[in-house]
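K.L.:
Okay, so here is upload_34.txt, and as you'll see once you scroll down, it has compact mmCIF, C-alpha atoms and all ligand atoms.
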# COMPACT_ATOMS: atom_id res chain seq x y z
CA MET A 46 20.62 4.72 -7.59
CA LYS A 47 18.95 3.94 -10.93
CA ALA A 48 15.25 3.09 -10.92
CA ALA A 49 12.59 1.96 -13.39
CA LEU A 50 9.05 3.13 -12.62
CA ILE A 51 6.12 0.98 -13.78
CA GLY A 52 2.78 2.75 -13.39
CA LEU A 53 2.28 6.48 -13.69
CA GLY A 54 -1.09 7.00 -12.01
CA SER A 55 -1.63 8.70 -8.66
CA VAL A 56 1.25 6.96 -6.85
CA GLY A 57 3.66 6.82 -9.81
CA ARG A 58 3.17 10.51 -10.48
CA GLY A 59 3.79 11.33 -6.81
CA VAL A 60 7.00 9.28 -6.84
CA ALA A 61 8.24 10.91 -10.06
CA GLU A 62 7.39 14.41 -8.82
CA MET A 63 9.13 13.89 -5.48
CA ILE A 64 12.24 12.43 -7.16
CA ALA A 65 12.38 15.48 -9.45
CA GLN A 66 11.64 17.97 -6.66
CA LYS A 67 13.62 16.57 -3.72
CA LYS A 68 16.53 15.09 -5.71
CA PRO A 69 17.18 12.20 -3.30
CA GLY A 70 19.84 10.73 -5.60
CA ILE A 71 17.50 8.53 -7.64
CA THR A 72 17.75 8.55 -11.45
CA LEU A 73 14.79 7.21 -13.45
CA THR A 74 16.11 5.22 -16.42
CA GLY A 75 12.85 3.52 -17.42
CA ILE A 76 9.19 4.39 -17.12
CA ALA A 77 5.98 2.75 -18.33
CA ASP A 78 2.21 2.95 -18.07
CA SER A 79 -0.42 0.57 -19.47
CA LYS A 80 0.11 1.62 -23.09
CA SER A 81 3.63 2.96 -23.51
CA GLY A 82 7.16 3.08 -22.19
CA ARG A 83 10.42 4.97 -22.30
CA ILE A 84 14.03 3.95 -21.66
CA CYS A 85 16.91 6.39 -21.24
CA ASN A 86 19.83 4.90 -19.35
CA GLU A 87 21.41 8.34 -18.82
CA GLY A 88 18.30 9.55 -16.96
CA ILE A 89 14.79 10.47 -18.03
CA ASP A 90 13.68 14.12 -18.04
CA ILE A 91 10.92 13.65 -15.46
CA ALA A 92 9.22 17.03 -15.94
CA ALA A 93 8.96 16.42 -19.70
CA VAL A 94 7.49 12.91 -19.22
CA LEU A 95 4.93 14.12 -16.69
CA GLU A 96 3.86 16.86 -19.07
CA THR A 97 3.59 14.38 -21.99
CA LYS A 98 1.55 12.04 -19.80
CA ARG A 99 -0.73 14.88 -18.70
CA THR A 100 -1.42 16.12 -22.20
CA SER A 101 -1.45 12.85 -24.21
CA GLY A 102 -2.18 10.09 -21.68
CA PHE A 103 1.06 8.32 -22.74
CA CYS A 104 4.37 8.43 -20.91
CA GLY A 105 6.42 7.28 -23.90
CA ASP A 106 6.54 5.24 -27.06
CA THR A 107 3.66 2.81 -27.71
CA ALA A 108 6.19 0.39 -29.24
CA ILE A 109 7.82 0.01 -25.79
CA SER A 110 5.90 -1.98 -23.17
CA ALA A 111 6.29 -2.16 -19.41
CA HIS A 112 7.82 -5.60 -19.91
CA ASP A 113 10.38 -4.12 -22.35
CA VAL A 114 11.37 -1.54 -19.75
CA ILE A 115 11.69 -4.19 -17.02
CA THR A 116 13.82 -6.52 -19.14
CA ASN A 117 15.95 -3.99 -21.07
CA ALA A 118 16.50 -0.82 -19.02
CA ASP A 119 19.59 -0.35 -16.85
CA TYR A 120 18.35 0.04 -13.27
CA ASP A 121 19.03 -1.09 -9.70
CA VAL A 122 15.49 -1.01 -8.37
CA LEU A 123 12.08 -1.62 -9.93
CA ILE A 124 9.35 0.66 -8.57
CA GLU A 125 6.13 -1.27 -9.22
CA VAL A 126 2.97 0.83 -8.79
CA THR A 127 0.35 -0.69 -11.10
CA PRO A 128 -3.26 -1.42 -9.98
CA THR A 129 -3.90 -4.12 -7.38
CA ASN A 130 -5.45 -7.39 -8.49
CA ALA A 131 -6.11 -9.38 -5.34
CA LEU A 132 -7.13 -12.54 -7.23
CA THR A 133 -4.17 -13.02 -9.59
CA GLY A 134 -1.64 -10.37 -8.52
CA GLU A 135 -1.14 -9.53 -12.21
CA PRO A 136 0.34 -7.73 -14.01
CA ALA A 137 2.51 -6.85 -11.03
CA LEU A 138 3.40 -10.43 -10.12
CA GLY A 139 4.92 -11.11 -13.55
CA TYR A 140 6.73 -7.78 -13.55
CA ILE A 141 8.22 -8.40 -10.10
CA ARG A 142 9.30 -11.95 -10.98
CA ALA A 143 10.98 -10.72 -14.19
CA ALA A 144 12.91 -8.01 -12.35
CA LEU A 145 13.94 -10.35 -9.52
CA LEU A 146 15.29 -12.81 -12.09
CA ARG A 147 17.45 -9.93 -13.38
CA LYS A 148 18.67 -9.46 -9.76
CA LYS A 149 16.94 -6.11 -9.41
CA HIS A 150 15.62 -4.78 -6.10
CA ILE A 151 11.84 -4.36 -5.83
CA VAL A 152 9.84 -1.56 -4.23
CA THR A 153 6.08 -1.86 -4.61
CA SER A 154 2.88 -0.28 -3.30
CA ASN A 155 0.86 -3.15 -4.77
CA LYS A 156 -0.87 -5.40 -2.23
CA GLY A 157 -1.78 -8.13 -4.75
CA PRO A 158 1.58 -9.84 -5.29
CA ILE A 159 2.68 -9.40 -1.67
CA ALA A 160 -0.52 -10.88 -0.22
CA LEU A 161 -0.65 -13.73 -2.75
CA ALA A 162 2.99 -14.68 -3.29
CA TYR A 163 5.06 -13.25 -0.44
CA LYS A 164 6.80 -16.54 0.31
CA GLU A 165 7.79 -17.19 -3.31
CA LEU A 166 8.87 -13.60 -4.02
CA SER A 167 10.84 -13.13 -0.80
CA ALA A 168 12.63 -16.45 -1.41
CA LEU A 169 13.48 -15.39 -4.99
CA ALA A 170 14.72 -12.02 -3.77
CA LYS A 171 16.86 -13.70 -1.09
CA LYS A 172 18.29 -16.19 -3.58
CA ASN A 173 19.29 -13.35 -5.90
CA GLY A 174 20.68 -11.14 -3.12
CA VAL A 175 18.22 -8.31 -3.65
CA ALA A 176 15.52 -6.59 -1.59
CA LEU A 177 11.76 -6.96 -1.78
CA ARG A 178 10.26 -3.93 -0.05
CA TYR A 179 6.59 -3.00 0.23
CA GLU A 180 6.19 -0.35 2.94
CA ALA A 181 3.46 1.45 0.96
CA THR A 182 1.17 -1.59 0.80
CA VAL A 183 -0.03 -1.16 4.40
CA GLY A 184 -0.96 2.16 5.99
CA GLY A 185 0.21 4.41 3.12
CA ALA A 186 2.68 6.85 4.65
CA ILE A 187 2.88 5.07 8.04
CA PRO A 188 6.40 3.56 8.40
CA ILE A 189 5.12 0.27 9.82
CA MET A 190 7.64 -2.01 8.08
CA HIS A 191 10.59 0.21 9.05
CA THR A 192 9.30 0.23 12.64
CA LEU A 193 9.05 -3.56 12.69
CA GLU A 194 12.46 -4.25 11.18
CA ASP A 195 14.46 -1.44 12.81
CA GLY A 196 12.84 0.24 15.80
CA LEU A 197 11.28 -2.88 17.32
CA CYS A 198 13.73 -5.47 15.98
CA GLY A 199 14.55 -6.91 19.43
CA ASN A 200 10.90 -7.29 20.35
CA GLU A 201 8.54 -10.19 20.02
CA ILE A 202 5.34 -8.95 18.38
CA VAL A 203 2.43 -10.52 20.24
CA ALA A 204 -0.48 -8.87 18.42
CA VAL A 205 -1.26 -6.36 15.73
CA ARG A 206 -4.44 -4.29 15.49
CA GLY A 207 -5.27 -1.56 13.08
CA VAL A 208 -7.61 0.72 11.26
CA LEU A 209 -6.28 -0.13 7.83
CA ASN A 210 -8.91 1.25 5.48
CA GLY A 211 -9.39 5.01 5.25
CA THR A 212 -12.63 4.77 3.26
CA CYS A 213 -14.36 2.76 6.01
CA ASN A 214 -12.97 5.00 8.71
CA TYR A 215 -14.25 8.09 6.92
CA ILE A 216 -17.73 6.54 6.50
CA LEU A 217 -17.92 5.48 10.18
CA THR A 218 -16.67 8.88 11.36
CA ARG A 219 -19.34 10.67 9.33
CA MET A 220 -22.13 8.27 10.37
CA ALA A 221 -21.27 8.89 14.02
CA ALA A 222 -20.75 12.66 13.76
CA GLU A 223 -23.78 13.55 11.64
CA GLY A 224 -26.12 10.58 12.06
CA LEU A 225 -25.80 9.83 8.32
CA THR A 226 -26.93 6.50 6.91
CA TYR A 227 -24.27 4.21 5.45
CA GLU A 228 -25.42 5.14 1.92
CA GLN A 229 -25.23 8.90 2.62
CA ALA A 230 -21.77 8.62 4.16
CA LEU A 231 -20.57 6.47 1.24
CA MET A 232 -21.85 9.04 -1.26
CA GLU A 233 -20.01 11.77 0.65
CA ALA A 234 -16.83 9.65 0.71
CA ARG A 235 -17.10 9.30 -3.08
CA GLU A 236 -17.55 13.05 -3.52
CA MET A 237 -14.47 13.68 -1.34
CA GLY A 238 -12.43 11.22 -3.45
CA TYR A 239 -12.00 8.79 -0.51
CA ALA A 240 -14.06 5.98 -2.07
CA GLU A 241 -13.66 4.24 -5.43
CA ALA A 242 -16.54 4.08 -7.92
CA ASP A 243 -16.81 0.42 -6.86
CA PRO A 244 -16.14 0.46 -3.10
CA THR A 245 -16.87 -3.27 -2.56
CA TYR A 246 -13.32 -4.24 -1.53
CA ASP A 247 -13.15 -1.42 0.98
CA VAL A 248 -16.58 -1.56 2.64
CA LYS A 249 -16.72 -5.36 2.82
CA GLY A 250 -13.44 -5.36 4.73
CA ILE A 251 -11.45 -7.18 2.04
CA ASP A 252 -8.87 -4.42 1.54
CA ALA A 253 -8.20 -4.35 5.31
CA ALA A 254 -7.99 -8.16 5.35
CA ILE A 255 -5.39 -8.17 2.54
CA LYS A 256 -3.30 -5.67 4.52
CA LEU A 257 -3.67 -7.84 7.65
CA VAL A 258 -2.36 -10.82 5.66
CA ILE A 259 0.68 -8.77 4.59
CA LEU A 260 1.33 -7.69 8.19
CA ALA A 261 0.93 -11.22 9.57
CA ASN A 262 3.30 -12.72 7.01
CA THR A 263 5.84 -9.96 7.58
CA ILE A 264 5.76 -10.27 11.36
CA TRP A 265 5.35 -14.01 11.88
CA GLY A 266 6.21 -15.52 8.45
CA ASN A 267 3.33 -17.91 9.04
CA GLY A 268 1.97 -18.32 5.50
CA THR A 269 -1.30 -16.52 6.25
CA LYS A 270 -3.74 -16.39 3.33
CA LEU A 271 -6.74 -14.16 2.68
CA ASP A 272 -9.10 -17.13 3.16
CA ASP A 273 -7.78 -17.52 6.71
CA VAL A 274 -9.16 -14.12 7.74
CA ASP A 275 -12.62 -13.90 9.27
CA VAL A 276 -14.02 -10.81 7.49
CA THR A 277 -17.10 -8.65 8.20
CA GLY A 278 -17.50 -5.29 6.48
CA ILE A 279 -19.30 -2.11 7.48
CA ASP A 280 -21.94 -2.11 4.74
CA LEU A 281 -24.72 -3.46 7.00
CA LEU A 282 -24.17 -1.04 9.89
CA THR A 283 -27.13 1.18 10.75
CA PRO A 284 -27.12 4.73 12.16
CA ASP A 285 -28.91 3.24 15.20
CA ALA A 286 -25.92 1.01 15.95
CA LEU A 287 -23.61 4.03 15.81
CA ARG A 288 -26.03 6.10 17.96
CA LEU A 289 -26.25 3.37 20.61
CA ALA A 290 -22.47 3.10 20.73
CA GLU A 291 -22.04 6.88 21.01
CA ASN A 292 -24.52 7.05 23.93
CA GLY A 293 -22.23 4.77 25.91
CA ASP A 294 -19.06 6.86 25.28
CA CYS A 295 -18.00 4.38 22.63
CA THR A 296 -17.97 4.33 18.87
CA ILE A 297 -17.56 1.76 16.09
CA ARG A 298 -14.43 1.23 14.01
CA LEU A 299 -13.44 -1.42 11.44
CA ILE A 300 -10.59 -3.17 13.25
CA ALA A 301 -8.19 -5.63 11.67
CA GLU A 302 -6.64 -7.85 14.33
CA ALA A 303 -4.14 -10.70 14.43
CA ILE A 304 -3.16 -12.55 17.63
CA PRO A 305 -1.56 -15.89 16.68
CA ALA A 306 -1.44 -17.24 20.26
CA LYS A 307 -5.24 -16.90 20.45
CA LYS A 308 -5.77 -17.95 16.82
CA ILE A 309 -7.43 -14.59 16.14
CA LEU A 310 -7.27 -13.29 12.59
CA ARG A 311 -10.21 -11.06 11.79
CA VAL A 312 -11.52 -7.84 10.32
CA SER A 313 -14.80 -6.62 11.82
CA PRO A 314 -16.67 -3.53 13.02
CA ARG A 315 -15.96 -3.28 16.76
CA LEU A 316 -17.39 -1.32 19.65
CA ILE A 317 -14.50 0.69 21.01
CA ALA A 318 -14.08 3.39 23.70
CA LYS A 319 -13.88 6.88 22.25
CA ASP A 320 -10.55 7.55 23.96
CA HIS A 321 -8.94 4.37 22.54
CA SER A 322 -5.79 5.01 20.51
CA LEU A 323 -7.34 3.41 17.40
CA VAL A 324 -10.22 5.90 17.36
CA ILE A 325 -8.92 8.21 14.68
CA GLU A 326 -10.96 10.55 12.53
CA GLY A 327 -11.65 10.74 8.81
CA SER A 328 -9.50 8.86 6.30
CA LEU A 329 -6.52 8.32 8.62
CA ASN A 330 -5.03 4.87 9.31
CA ALA A 331 -3.67 3.61 12.65
CA ILE A 332 -1.72 0.50 13.62
CA THR A 333 -1.02 -0.77 17.14
CA LEU A 334 1.74 -3.29 17.75
CA GLU A 335 1.64 -5.17 21.05
CA THR A 336 5.13 -6.32 21.95
CA ASP A 337 6.89 -8.08 24.83
CA MET A 338 9.37 -5.30 25.70
CA ALA A 339 8.06 -2.02 24.25
CA LYS A 340 4.46 -2.99 25.16
CA GLU A 341 2.08 -0.98 22.93
CA ILE A 342 3.19 1.24 20.07
CA THR A 343 0.59 2.99 17.92
CA LEU A 344 1.38 4.68 14.63
CA ILE A 345 -1.13 7.04 13.01
CA GLY A 346 -0.93 8.66 9.59
CA LYS A 347 -2.25 9.15 6.10
CA GLY A 348 -3.24 5.80 4.65
CA ALA A 349 -3.28 6.98 1.04
CA GLY A 350 -2.46 9.87 -1.27
CA SER A 351 -0.05 10.51 -4.09
CA VAL A 352 2.77 12.21 -2.18
CA GLU A 353 2.02 10.39 1.09
CA THR A 354 2.48 7.03 -0.62
CA ALA A 355 5.58 8.35 -2.43
CA SER A 356 7.04 8.97 1.05
CA ALA A 357 6.91 5.23 1.79
CA ILE A 358 8.29 4.30 -1.63
CA ILE A 359 11.20 6.72 -1.57
CA GLY A 360 11.96 5.59 1.99
CA ASP A 361 12.20 2.00 0.74
CA ILE A 362 14.51 2.96 -2.15
CA LEU A 363 16.84 4.91 0.14
CA TYR A 364 16.83 2.02 2.62
CA ILE A 365 18.04 -0.26 -0.20
CA ARG A 366 20.71 2.26 -1.19
CA ASP A 367 21.98 2.31 2.39
CA HIS A 368 21.78 -1.43 3.11
CA TYR A 369 22.66 -3.21 -0.15
CA ASP A 370 25.55 -3.09 -2.59
CA ARG A 371 24.81 -1.09 -5.71
CA ARG A 372 24.31 -3.26 -8.79
CA ALA A 373 24.52 -2.50 -12.47
N1 LIG A 401 -3.46 5.78 -4.47
C1 LIG A 401 -3.01 5.58 -3.24
O1 LIG A 401 -3.06 6.46 -2.38
C2 LIG A 401 -2.36 4.26 -2.87
C3 LIG A 401 -1.85 4.08 -1.56
C4 LIG A 401 -1.19 2.87 -1.25
C5 LIG A 401 -1.10 1.88 -2.22
N2 LIG A 401 -1.65 2.08 -3.47
C6 LIG A 401 -1.48 1.05 -4.48
O2 LIG A 401 -0.53 1.53 -5.43
C7 LIG A 401 -0.84 1.03 -6.73
C8 LIG A 401 -1.03 2.21 -7.66
O3 LIG A 401 -2.11 3.00 -7.21
P1 LIG A 401 -2.58 4.30 -8.02
O4 LIG A 401 -3.59 4.96 -7.15
O5 LIG A 401 -1.40 5.05 -8.51
O6 LIG A 401 -3.32 3.62 -9.27
P2 LIG A 401 -3.76 4.34 -10.62
O7 LIG A 401 -3.91 5.82 -10.40
O8 LIG A 401 -4.90 3.57 -11.15
O9 LIG A 401 -2.49 4.16 -11.60
C9 LIG A 401 -2.10 2.91 -12.09
C10 LIG A 401 -1.01 3.08 -13.12
O10 LIG A 401 -0.63 1.78 -13.57
C11 LIG A 401 -0.67 1.74 -14.99
N3 LIG A 401 -0.99 0.42 -15.46
C12 LIG A 401 -2.19 -0.22 -15.49
N4 LIG A 401 -2.08 -1.43 -16.02
C13 LIG A 401 -0.77 -1.58 -16.37
C14 LIG A 401 -0.03 -2.59 -17.00
N5 LIG A 401 -0.59 -3.75 -17.37
N6 LIG A 401 1.29 -2.38 -17.21
C15 LIG A 401 1.88 -1.23 -16.86
N7 LIG A 401 1.24 -0.21 -16.25
C16 LIG A 401 -0.08 -0.39 -16.01
C17 LIG A 401 -1.74 2.75 -15.38
O11 LIG A 401 -1.49 3.11 -16.74
P3 LIG A 401 -2.34 4.25 -17.50
O12 LIG A 401 -1.84 5.55 -16.93
O13 LIG A 401 -1.96 4.05 -18.91
O14 LIG A 401 -3.77 3.97 -17.19
C18 LIG A 401 -1.47 3.86 -14.36
O15 LIG A 401 -0.43 4.69 -14.82
C19 LIG A 401 -2.10 0.17 -6.57
O16 LIG A 401 -1.69 -1.17 -6.47
C20 LIG A 401 -2.71 0.69 -5.28
O17 LIG A 401 -3.49 -0.29 -4.63
C21 LIG A 401 -2.26 3.25 -3.81
What is this file in structure tokens?
P.N.:
Amino acid sequence: MKAALIGLGSVGRGVAEMIAQKKPGITLTGIADSKSGRICNEGIDIAAVLETKRTSGFCGDTAISAHDVITNADYDVLIEVTPTNALTGEPALGYIRAALLRKKHIVTSNKGPIALAYKELSALAKKNGVALRYEATVGGAIPIMHTLEDGLCGNEIVAVRGVLNGTCNYILTRMAAEGLTYEQALMEAREMGYAEADPTYDVKGIDAAIKLVILANTIWGNGTKLDDVDVTGIDLLTPDALRLAENGDCTIRLIAEAIPAKKILRVSPRLIAKDHSLVIEGSLNAITLETDMAKEITLIGKGAGSVETASAIIGDILYIRDHYDRRA
């Protein structure tokens, strides 16, 4: 399987390292970051590129852009792992469209294009006989999409609930355990590398809402948009609220929930019993599917991380290898 990798940050590096280390039968023929690119249809020397990137900040030639790689390299699958833009989906949206028009399979960890343009992109992929896969966009390493399409394929999914943002979960866990204020817990999350310099999307619940939109559209194909989600973040929670909850054998978690039959589509801090399956610690993620036959299934795992996210991406690529004809 030949692949082109666009984005060589935390996730891209993890993917490249795991391909080099585990040799799952994937050959990188194109690679690009924001400033440079490299094409070698016989196979890129991954160790050499990673070293060049580490020492110079460039993965290749500045005369070759990501767009050049996408339109000129010989590959079967585009691995798209550039930063998320939830407002426009760019640059990923343009990259994915260009590769789909070349009849290339897509594997992405980028929530932007999937949340904004799922209908258009999945229709384009279908028309061109290729796959659009995005396991890594929700729950990091948790195989939620594989579970939905394979393990639970005969089930009707009635509801989905989840702890979909590790930063919020870490902050709430620390507020409850140590009586920290929101600001103190956020500062600690930053120091631990769990929170971005600008944590607005995470703490206001927007990141979890985007993931809920992706889940809802995947499960029910109902054209859910971000504006449809009723969103409350955790940034106004006080230590007193956490303390009160803890006194009653409960705690507070940011829960994303979709139940179409009840017209529920929301992300909000919720009082929840301490022994509930969604009460997970630290930066973990958890997703519960409520189904007609299997009843409740809860998956728990690492919601982020370089190698953890690479697990989801490589799983998607190997799924394509096993389920689709190989293309030139
Ligand atoms: N990190 C995680 O654990 C995780 C988990 C699940 C999903 N995701 C998603 O996966 C994606 C990648 O995350 P990340 O943490 O790897 O981000 P990152 O560390 O910021 O890396 C982004 C990479 O994309 C490149 N890039 C930026 N703009 C570009 C452009 N216009 N054209 C081509 N390449 C461009 C950057 O180039 P330079 O190297 O030149 O700056 C960098 O190599 C994001 O959409 C994120 O939301 C991340």
K.L.:
Rounded to one decimal in Å, what is the spacing between atom CA of Met63 of chain A and atom CA of Ile141 of chain A?
P.N.:
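Separation between atom CA of Met63 of chain A and atom CA of Ile141 of chain A: 22.8 Å.
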K.L.:
What is the distance between atom CA of Arg58 of chain A and atom O15 of ligand LIG 401 (chain A), in Å to one decimal?
P.N.:
8.1 Å
K.L.:
As a list of chain:residue names, please: the residues near segment 146-148 of chain A (cut-off 9 Å, only C-alpha atoms, same-chain neighbours under 4 positions excluded).
P.N.:
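Returned residues: A:Ile115, A:Thr116, A:Asp121, A:Ile141, A:Arg142, A:Leu169, A:Ala170, A:Asn173, A:Gly174, A:Val175, A:Arg372.
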K.L.:
Could you give me, as a list in words, every polymer residue with an atom at most 6 Å away from an atom of ligand LIG 401 (chain A), counting all atoms listed in the file?
P.N.:
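With all atoms listed in the file and a cut-off of 6 Å, ligand LIG 401 (chain A) is contacted by Ile51, Gly52, Leu53, Gly54, Ser55, Val56, Gly57, Ala77, Asp78, Ser79, Lys80, Ala111, Val126, Thr127, Pro128, Thr129, Pro136, Ser154, Asn155, Ala181, Thr182, Gly185, Ala349, Gly350, Ser351 and Thr354 of chain A.
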K.L.:
Counting only C-alpha atoms, which residue out of A:Asp285, A:Asp337, A:Glu233, A:Asp280 sits closest to Tyr246 of chain A?
P.N.:
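Looking at the shortest contact to Tyr246 of chain A, the residue is A:Asp280.
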K.L.:
Excluding segment 202-210 of chain A and its own-chain neighbours fewer than 2 positions away, which residues fall within 9 Å of it when counting all atoms listed in the file? Please give them as a count of residues only.
P.N.:
45
K.L.:
Residues near segment 164-167 of chain A, anyone? I mean within 9 Å using only C-alpha atoms, not counting same-chain ones fewer than 4 positions away, as an MDAnalysis selection string.
P.N.:
chainID A and resid 138 141:142 145 158:159 171:172 176:177 262 266 268
K.L.:
Create the file for the chosen residues now, containing C-alpha atoms and written as a tab-separated table (two decimals), in the frame of the given file.
P.N.:
chain	number	residue	atom	x	y	z
A	138	LEU	CA	3.40	-10.43	-10.12
A	141	ILE	CA	8.22	-8.40	-10.10
A	142	ARG	CA	9.30	-11.95	-10.98
A	145	LEU	CA	13.94	-10.35	-9.52
A	158	PRO	CA	1.58	-9.84	-5.29
A	159	ILE	CA	2.68	-9.40	-1.67
A	171	LYS	CA	16.86	-13.70	-1.09
A	172	LYS	CA	18.29	-16.19	-3.58
A	176	ALA	CA	15.52	-6.59	-1.59
A	177	LEU	CA	11.76	-6.96	-1.78
A	262	ASN	CA	3.30	-12.72	7.01
A	266	GLY	CA	6.21	-15.52	8.45
A	268	GLY	CA	1.97	-18.32	5.50
K.L.:
Ranking A:Lys307, A:Lys156, A:Arg315, A:Arg219 by minimum distance to Ile251 of chain A and counting all atoms listed in the file, which one comes first?
P.N.:
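Among A:Lys307, A:Lys156, A:Arg315, A:Arg219, it is A:Lys156 that comes nearest to Ile251 of chain A.
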K.L.:
Interatomic distance between atom CA of Ile76 of chain A and atom CA of Tyr163 of chain A?
P.N.:
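So the answer is 24.6 Å.
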K.L.:
Which is closest to Ile362 of chain A among A:Ile317, A:Val94, A:Ala160, A:Val122, if we use all atoms listed in the file?
P.N.:
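Looking only at the distances to Ile362 of chain A, the closest residue turns out to be A:Val122.
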K.L.:
Near Ala318 of chain A, counting only C-alpha atoms, which residues have an atom at most 6 Å away, once you skip same-chain residues fewer than 2 positions from it, shown as a list in words?
P.N.:
Cys295, Asp320 and His321 of chain A
K.L.:
Just checking: using all atoms listed in the file, which residue out of A:Ala339, A:Ala93, A:Ile151, A:Ile124 ends up closest to Ala355 of chain A?
P.N.:
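Ranked by minimum distance to Ala355 of chain A, first place goes to A:Ile124.
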